[in-house]
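A.B. asks: Following this message is one structure expressed as structure tokens.
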Amino acid sequence: MNERVWEILLDSFGKILLKGLEVTLPLTIASFAIAIVIGVVVALIQVANIKGLKQICRFYVWIIRGTPILVQLYVIFFGLPSIGIVIDPFPSALLVFGINTGAYASETIRAAIESIDKGQIEAGYCVGMTYTQIMARIVLPQALRVAFPSLFNILISLVKDTSLASSITLVEMIRQTQYVIARTYEAFWLYLEVGLIYLIFCTVLTKIQSYGEKKLSSYGGQ
Amino acid sequence: MSMLSIHNIKKSFGTTEVLKDVSINVSKGDVIAILGPSGSGKTTLLRCLNFLETADGGEMVFDGERFPFQNVSKKDIHRIRNKTAFVFQNYNLFQNKTALQNVTEGLIVARRMPKEQAEEIGKAMLDKVGLSDRYHHYPSQLSGGQQQRVGIARALATNPEIIYFDEPTSALDPELIGEVLDVMRQLANEGMTMLVVTHELGFAKNVSNHVIFMDSGVIVEENSSREFFEHPQEERTKAFISHIDRKS
Ligand SMILES: Nc1ncnc2c1ncn2[C@@H]1O[C@H](COP(=O)(O)OP(=O)(O)OP(=O)(O)O)[C@@H](O)[C@H]1O
Ligand SMILES: [Mg+2]
């Protein structure tokens with residue numbers, strides 16, 4: 001590694017990191033928020049066994065988990081324009097990652113809901129609560145705690161998966177790196193550099209996860 | 001006149017008939033103990049009375065109103081549940097709520113009572129079951145006996161006309177049974193109407209005024225508790241009493 005490479009790395013680090021903060025991170029957080037909303041709704045529909053809607057939810061989970069994200073991105077970004085629907089790269093990515101992650105989150109949340117002892121639901125009925133009240137106040141809060149570690153793992157995967165959005169021309173960290181490579185031809189060092197930035201992001205998230213897990217360990221637990 | 005009568009309740013799970021034509025009359029202030037061997041249908045009976053299971057036949061007359069089990073509206077189920085309470089073998093406390101919140105939840109959420117008023121009632125109920133120093137503990141921080149007493153306080157808070165107990169002491173260590181039975185005895189003395197599935201013969205003998213003995217989904221024998229224990233009529237009853245007596 002010579003002085004020139006050092007300079008390129010120092011010069012590009014800020015640029016790539018900036019894309020991380022401006023694009024990768026907002027995309028991840030916004031997609032994850034959408035995913036949690038979808039996940040909770042889809043999980044509740046299945047647990048409540050709502051006829052018709054439940055089949056639609058199963059179909060959704062089946063399609064999303066059975067096809068590559070890359071294909072989903074291509075369908076939305078390159079496919080839809082052929083029927084007259086044109087969506088910009090960022091909203092396309094947001095849509096795909098939200099819907100894709102939502103399918104995985106729903107399975108995690110559903111399993112967590114089903115792990116909560118049914119006796120509490122019956123106790124809720126017996127004090128006069130409705131199914132919706134019981135779900136909202138008793139079951140879901142406990143289920144989301146149970147699901148917290150798995151959901152956080154999904155979030156950490158999502159940070160890295162957003163790099164796929166570079167393939168639909170979104171200028172996030174990878175595409176920014178490729179621009180620098182096109183000018184400097186230092187692919188090896190620059191890809192290592194962007195890898196390092198992803199590693200930093202994920203390390204920070206992991207720290208937040210273990211802090212959160214400690215806080216949430218159990219009701220009444222320290 | 002009866003406050004609650006059950007006429008010819010029937011319930012099957014698949015091809016297994018669990019309740020075959022059971023009828024019960026409950027008057028205000030009655031403490032009725034339901035005894036019977038494991039699998040005789042006692043839990044199923046209580047669950048049907050609160051619509052946690054749907055009975056296949058029979059009807060319930062509650063405060064003069066008829067409710068055929070197979071044809072009750074959601075609204076009626078809700079109304080009946082608001083007049084009754086249930087104490088579970090495994091307590092079934094809300095794990096994400098403190099003792100006080102467990103007791104007030106049904107008041108604040110189901111009955112839309114203002115929080116301050118609900119908490120006042122909640123604290124009074126916890127005081128009553130001897131848990132004045134445990135308002136803000138979570139279930140995981142309480143012993144089994146304490147958890148069951150929270151369960152009883154939760155049942156009391158909604159001011160029910162009758163409380164169903166399903167083996168309230170069966171999950172408890174022997175040294176914790178007494179504290180729960182004491183609370184139940186106190187309620188009985190205050191005139192609370194109770195239907196209690198139990199294996200505690202002492203409770204059936206000394207606290208309840210009426211005993212029902214069930215086996216294989218039918219009532220084999222029922223009588224005032226004194227008659228029941230002093231002059232059991234049926235062979236199955238005698239065998240059951242001596243069997244339990246020997247165990248304890
Ligand atoms: N949900 C269910 N599905 C199928 N069978 C059931 C179900 N619940 C209860 N049973 C059966 O019904 C019968 C009566 O059960 P129940 O729980 O009412 O008995 P119990 O008198 O309360 O017994 P125990 O003293 O052991 O609590 C048993 O044979 C049981 O296996
Ligand atoms: Mg039982």
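To be explicit about the labels: the chains of the structure tokens are called A, B, and onward in the order shown, and within each one the residues are counted from 1, while ligands get numbers from 1 in the order they are shown.
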Select, as a ChimeraX atom specification, those residues of chain A with any atom no more than 10 Å from chain B (distances computed using only C-alpha atoms).

C.D. replies: /A:116-130,133-134,137-139,141-142,218-221

A.B. asks: Write the residues of the preceding selection, restricted to C-alpha atoms, as a PDB file, in the first residue's frame.

C.D. replies:
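So part-v9.pdb came out as:
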```pdb
ATOM      1  CA  ILE A 116     -47.248 -16.374  24.843  1.00  0.00           C
ATOM      2  CA  ASP A 117     -49.252 -18.594  27.174  1.00  0.00           C
ATOM      3  CA  LYS A 118     -52.898 -18.799  26.061  1.00  0.00           C
ATOM      4  CA  GLY A 119     -54.061 -18.644  29.673  1.00  0.00           C
ATOM      5  CA  GLN A 120     -53.492 -14.894  29.761  1.00  0.00           C
ATOM      6  CA  ILE A 121     -55.857 -14.460  26.829  1.00  0.00           C
ATOM      7  CA  GLU A 122     -58.531 -16.422  28.659  1.00  0.00           C
ATOM      8  CA  ALA A 123     -57.936 -14.378  31.807  1.00  0.00           C
ATOM      9  CA  GLY A 124     -58.395 -11.255  29.698  1.00  0.00           C
ATOM     10  CA  TYR A 125     -61.741 -12.525  28.426  1.00  0.00           C
ATOM     11  CA  CYS A 126     -62.793 -13.344  31.964  1.00  0.00           C
ATOM     12  CA  VAL A 127     -62.208  -9.775  33.187  1.00  0.00           C
ATOM     13  CA  GLY A 128     -64.315  -8.532  30.287  1.00  0.00           C
ATOM     14  CA  MET A 129     -61.670  -7.476  27.772  1.00  0.00           C
ATOM     15  CA  THR A 130     -62.204  -7.905  24.038  1.00  0.00           C
ATOM     16  CA  GLN A 133     -57.800  -5.195  23.790  1.00  0.00           C
ATOM     17  CA  ILE A 134     -56.117  -8.379  24.939  1.00  0.00           C
ATOM     18  CA  ARG A 137     -52.341  -4.607  25.835  1.00  0.00           C
ATOM     19  CA  ILE A 138     -51.284  -8.064  26.962  1.00  0.00           C
ATOM     20  CA  VAL A 139     -50.056 -10.293  24.143  1.00  0.00           C
ATOM     21  CA  PRO A 141     -46.175  -6.125  24.239  1.00  0.00           C
ATOM     22  CA  GLN A 142     -44.891  -9.462  25.509  1.00  0.00           C
ATOM     23  CA  SER A 218     -37.960  -9.797  31.633  1.00  0.00           C
ATOM     24  CA  TYR A 219     -40.756  -7.944  33.334  1.00  0.00           C
ATOM     25  CA  GLY A 220     -39.530  -7.147  36.785  1.00  0.00           C
ATOM     26  CA  GLY A 221     -36.066  -8.496  35.894  1.00  0.00           C
TER      27      GLY A 221
END
```

A.B. asks: Could you report the residues within 9 Å of ligand 2, using only C-alpha atoms and all ligand atoms, as a list in words?

C.D. replies: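 With only C-alpha atoms and all ligand atoms and a cut-off of 9 Å, ligand 2 is contacted by Ser38, Gly39, Ser40, Gly41, Lys42, Thr43, Thr44, Gln89, Asp166, Glu167, Val197 and Thr198 of chain B.
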
A.B. asks: Save out the residues we just selected, N, CA and C atoms, as a short mmCIF file (atom, residue, chain, number, x, y, z; two decimals), in the first residue's frame.

C.D. replies:
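Generated file (selection_24.cif):
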```
data_model
loop_
_atom_site.label_atom_id
_atom_site.label_comp_id
_atom_site.auth_asym_id
_atom_site.auth_seq_id
_atom_site.Cartn_x
_atom_site.Cartn_y
_atom_site.Cartn_z
N SER B 38 -59.66 -37.03 38.40
CA SER B 38 -59.08 -36.37 37.24
C SER B 38 -59.79 -36.83 35.96
N GLY B 39 -60.09 -35.88 35.10
CA GLY B 39 -60.72 -36.22 33.83
C GLY B 39 -62.23 -36.35 33.91
N SER B 40 -62.82 -36.01 35.06
CA SER B 40 -64.26 -36.19 35.20
C SER B 40 -65.05 -35.05 34.55
N GLY B 41 -64.36 -33.97 34.14
CA GLY B 41 -65.05 -32.90 33.41
C GLY B 41 -65.26 -31.64 34.22
N LYS B 42 -64.59 -31.50 35.37
CA LYS B 42 -64.81 -30.35 36.25
C LYS B 42 -64.34 -29.05 35.60
N THR B 43 -63.12 -29.08 35.08
CA THR B 43 -62.60 -27.87 34.43
C THR B 43 -63.47 -27.51 33.22
N THR B 44 -63.80 -28.51 32.44
CA THR B 44 -64.62 -28.27 31.25
C THR B 44 -65.95 -27.61 31.64
N GLN B 89 -56.20 -22.33 37.82
CA GLN B 89 -55.22 -23.18 38.49
C GLN B 89 -53.81 -22.60 38.36
N ASP B 166 -61.03 -22.77 39.62
CA ASP B 166 -60.62 -24.08 39.11
C ASP B 166 -59.35 -24.54 39.81
N GLU B 167 -59.50 -25.39 40.79
CA GLU B 167 -58.36 -25.90 41.56
C GLU B 167 -57.34 -24.80 41.89
N VAL B 197 -63.94 -25.79 42.12
CA VAL B 197 -63.41 -27.11 41.84
C VAL B 197 -62.16 -27.28 42.71
N THR B 198 -62.14 -28.34 43.51
CA THR B 198 -61.01 -28.47 44.44
C THR B 198 -60.75 -29.92 44.82
#
```

A.B. asks: Can you pull out the residues contacting Ile154 (chain A)? Cut-off 10 Å, using only C-alpha atoms, and skip same-chain residues under 4 positions away; I want them as a list in words.

C.D. replies: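 In the requested format, the answer is Phe32, Thr101, Gly102, Tyr104, Ala105, Thr108, Phe148, Pro149, Ser150, Leu158 and Val159 of chain A.
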
A.B. asks: Those residues with N, CA, C and O atoms, as a short mmCIF file (atom, residue, chain, number, x, y, z; two decimals), in the first residue's frame please?

C.D. replies:
```
data_model
loop_
_atom_site.label_atom_id
_atom_site.label_comp_id
_atom_site.auth_asym_id
_atom_site.auth_seq_id
_atom_site.Cartn_x
_atom_site.Cartn_y
_atom_site.Cartn_z
N PHE A 32 -37.30 -0.73 7.72
CA PHE A 32 -37.54 -1.55 8.91
C PHE A 32 -38.83 -1.14 9.59
O PHE A 32 -39.60 -1.98 10.04
N THR A 101 -38.70 -7.37 4.01
CA THR A 101 -38.39 -7.57 5.42
C THR A 101 -39.65 -7.83 6.23
O THR A 101 -39.64 -8.59 7.20
N GLY A 102 -40.75 -7.21 5.81
CA GLY A 102 -42.04 -7.42 6.48
C GLY A 102 -42.42 -8.89 6.53
O GLY A 102 -42.96 -9.37 7.52
N TYR A 104 -40.43 -11.52 6.57
CA TYR A 104 -39.62 -12.22 7.58
C TYR A 104 -40.03 -11.80 8.99
O TYR A 104 -40.15 -12.62 9.90
N ALA A 105 -40.25 -10.48 9.16
CA ALA A 105 -40.64 -9.99 10.48
C ALA A 105 -41.97 -10.62 10.92
O ALA A 105 -42.15 -10.97 12.08
N THR A 108 -41.44 -14.02 12.41
CA THR A 108 -40.84 -13.91 13.74
C THR A 108 -41.88 -13.47 14.78
O THR A 108 -41.98 -14.04 15.86
N PHE A 148 -37.71 -9.41 20.10
CA PHE A 148 -36.71 -8.34 19.96
C PHE A 148 -35.35 -8.81 19.40
O PHE A 148 -34.87 -8.24 18.41
N PRO A 149 -34.73 -9.85 19.95
CA PRO A 149 -33.43 -10.26 19.41
C PRO A 149 -33.50 -10.68 17.94
O PRO A 149 -32.64 -10.29 17.14
N SER A 150 -34.54 -11.43 17.59
CA SER A 150 -34.66 -11.88 16.20
C SER A 150 -34.93 -10.71 15.27
O SER A 150 -34.40 -10.66 14.15
N LEU A 158 -30.54 -6.34 7.21
CA LEU A 158 -31.10 -5.35 6.29
C LEU A 158 -30.08 -4.27 5.92
O LEU A 158 -29.99 -3.87 4.76
N VAL A 159 -29.28 -3.86 6.90
CA VAL A 159 -28.26 -2.84 6.62
C VAL A 159 -27.40 -3.28 5.45
O VAL A 159 -27.12 -2.52 4.52
#
```

A.B. asks: How many Å lie between CA of Trp62 (chain A) and CA of Val41 (chain A), rounded to one decimal?

C.D. replies: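 Here the two named atoms are 16.2 Å from each other.
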
A.B. asks: Pick out the residues sitting within 9 Å of Met214 (chain B), and hand them over as a PyMOL selection string; count only C-alpha atoms, and ignore anything fewer than 4 positions along from it in its own chain.

C.D. replies: chain B and resi 34-37+40-42+218-222+237

A.B. asks: Restrict the selected residues to N, CA and C atoms and save them as a CSV table (one decimal), in the first residue's frame.

C.D. replies:
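Below is the file part_17.csv, written as the result:
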```csv
chain,number,residue,atom,x,y,z
B,34,ILE,N,-66.9,-28.6,44.0
B,34,ILE,CA,-67.1,-29.6,43.0
B,34,ILE,C,-65.9,-30.5,43.1
B,35,LEU,N,-66.2,-31.8,43.5
B,35,LEU,CA,-65.1,-32.8,43.6
B,35,LEU,C,-65.2,-33.8,42.5
B,36,GLY,N,-64.2,-34.6,42.3
B,36,GLY,CA,-64.2,-35.6,41.3
B,36,GLY,C,-62.8,-36.0,40.9
B,37,PRO,N,-62.7,-37.2,40.4
B,37,PRO,CA,-61.4,-37.7,39.9
B,37,PRO,C,-60.9,-36.9,38.7
B,40,SER,N,-62.8,-36.0,35.1
B,40,SER,CA,-64.3,-36.2,35.2
B,40,SER,C,-65.1,-35.0,34.6
B,41,GLY,N,-64.4,-34.0,34.1
B,41,GLY,CA,-65.1,-32.9,33.4
B,41,GLY,C,-65.3,-31.6,34.2
B,42,LYS,N,-64.6,-31.5,35.4
B,42,LYS,CA,-64.8,-30.4,36.2
B,42,LYS,C,-64.3,-29.0,35.6
B,218,VAL,N,-70.8,-37.0,34.7
B,218,VAL,CA,-72.1,-36.8,35.3
B,218,VAL,C,-72.0,-36.5,36.8
B,219,ILE,N,-73.0,-36.0,37.4
B,219,ILE,CA,-73.0,-35.7,38.8
B,219,ILE,C,-73.4,-37.0,39.5
B,220,VAL,N,-72.5,-37.6,40.2
B,220,VAL,CA,-72.8,-38.9,40.9
B,220,VAL,C,-73.6,-38.7,42.1
B,221,GLU,N,-73.3,-37.6,42.9
B,221,GLU,CA,-74.0,-37.4,44.1
B,221,GLU,C,-73.8,-35.9,44.5
B,222,GLU,N,-74.8,-35.3,45.1
B,222,GLU,CA,-74.6,-34.0,45.6
B,222,GLU,C,-75.5,-33.8,46.9
B,237,THR,N,-68.6,-42.4,45.6
B,237,THR,CA,-68.3,-41.3,46.5
B,237,THR,C,-67.5,-41.7,47.7
```

A.B. asks: Which residue is closest to ligand 1? Choose from B:Gln146, B:Ser12, B:Ser73, B:Asn206 and count only C-alpha atoms and all ligand atoms.

C.D. replies: B:Ser12

A.B. asks: If you run DSSP on this backbone, which residues of region 54-139 of chain B come out as strand (DSSP E or B), and could you give them as a list in words?

C.D. replies: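 The strand (DSSP E or B) subset of region 54-139 of chain B is Gly57, Gly58, Glu59, Met60, Val61, Phe62, Glu65, Arg66, Phe67, Pro68, Thr84, Ala85, Phe86 and Val87 of chain B.
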
A.B. asks: Since we have the selection now, will you write its residues out, keeping C-alpha atoms, as a compact mmCIF listing (two decimals), in the first residue's frame?

C.D. replies:
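Final output, saved to again_30.txt:
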```
# COMPACT_ATOMS: atom_id res chain seq x y z
CA GLY B 57 -76.33 -28.44 24.58
CA GLY B 58 -78.19 -27.15 27.59
CA GLU B 59 -78.85 -23.68 28.87
CA MET B 60 -77.99 -21.28 31.63
CA VAL B 61 -80.43 -19.10 33.53
CA PHE B 62 -78.59 -16.16 35.07
CA GLU B 65 -82.44 -14.49 31.90
CA ARG B 66 -82.24 -17.61 29.73
CA PHE B 67 -79.14 -18.27 27.67
CA PRO B 68 -79.09 -21.45 25.57
CA THR B 84 -68.66 -13.36 36.75
CA ALA B 85 -65.00 -13.94 37.50
CA PHE B 86 -62.59 -16.83 37.09
CA VAL B 87 -59.64 -17.92 39.19
```

A.B. asks: What does the structure give for the distance between atom 7 (C, counted along the ligand's line) of ligand 1 and CA of Asp56 (chain B), in Å to one decimal?

C.D. replies: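 Straight-line distance from atom 7 (C, counted along the ligand's line) of ligand 1 to CA of Asp56 (chain B) works out to 13.6 Å.
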
A.B. asks: Please report, as a PyMOL selection string, each residue of region 93-196 of chain A to which DSSP assigns alpha helix (DSSP H) when run on this structure's backbone.

C.D. replies: chain A and resi 93-115+118-126+131-134+140-161+173-184+187-196

A.B. asks: Can you pull out the residues contacting region 173-188 of chain A? Cut-off 7 Å, using only C-alpha atoms, and skip same-chain residues under 6 positions away; I want them as a count of residues only.

C.D. replies: 7

A.B. asks: Do you have the CA of Ser5 (chain B)-CA of Ser27 (chain B) distance handy?

C.D. replies: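 We find that CA of Ser5 (chain B) and CA of Ser27 (chain B) lie 8.5 Å from each other.
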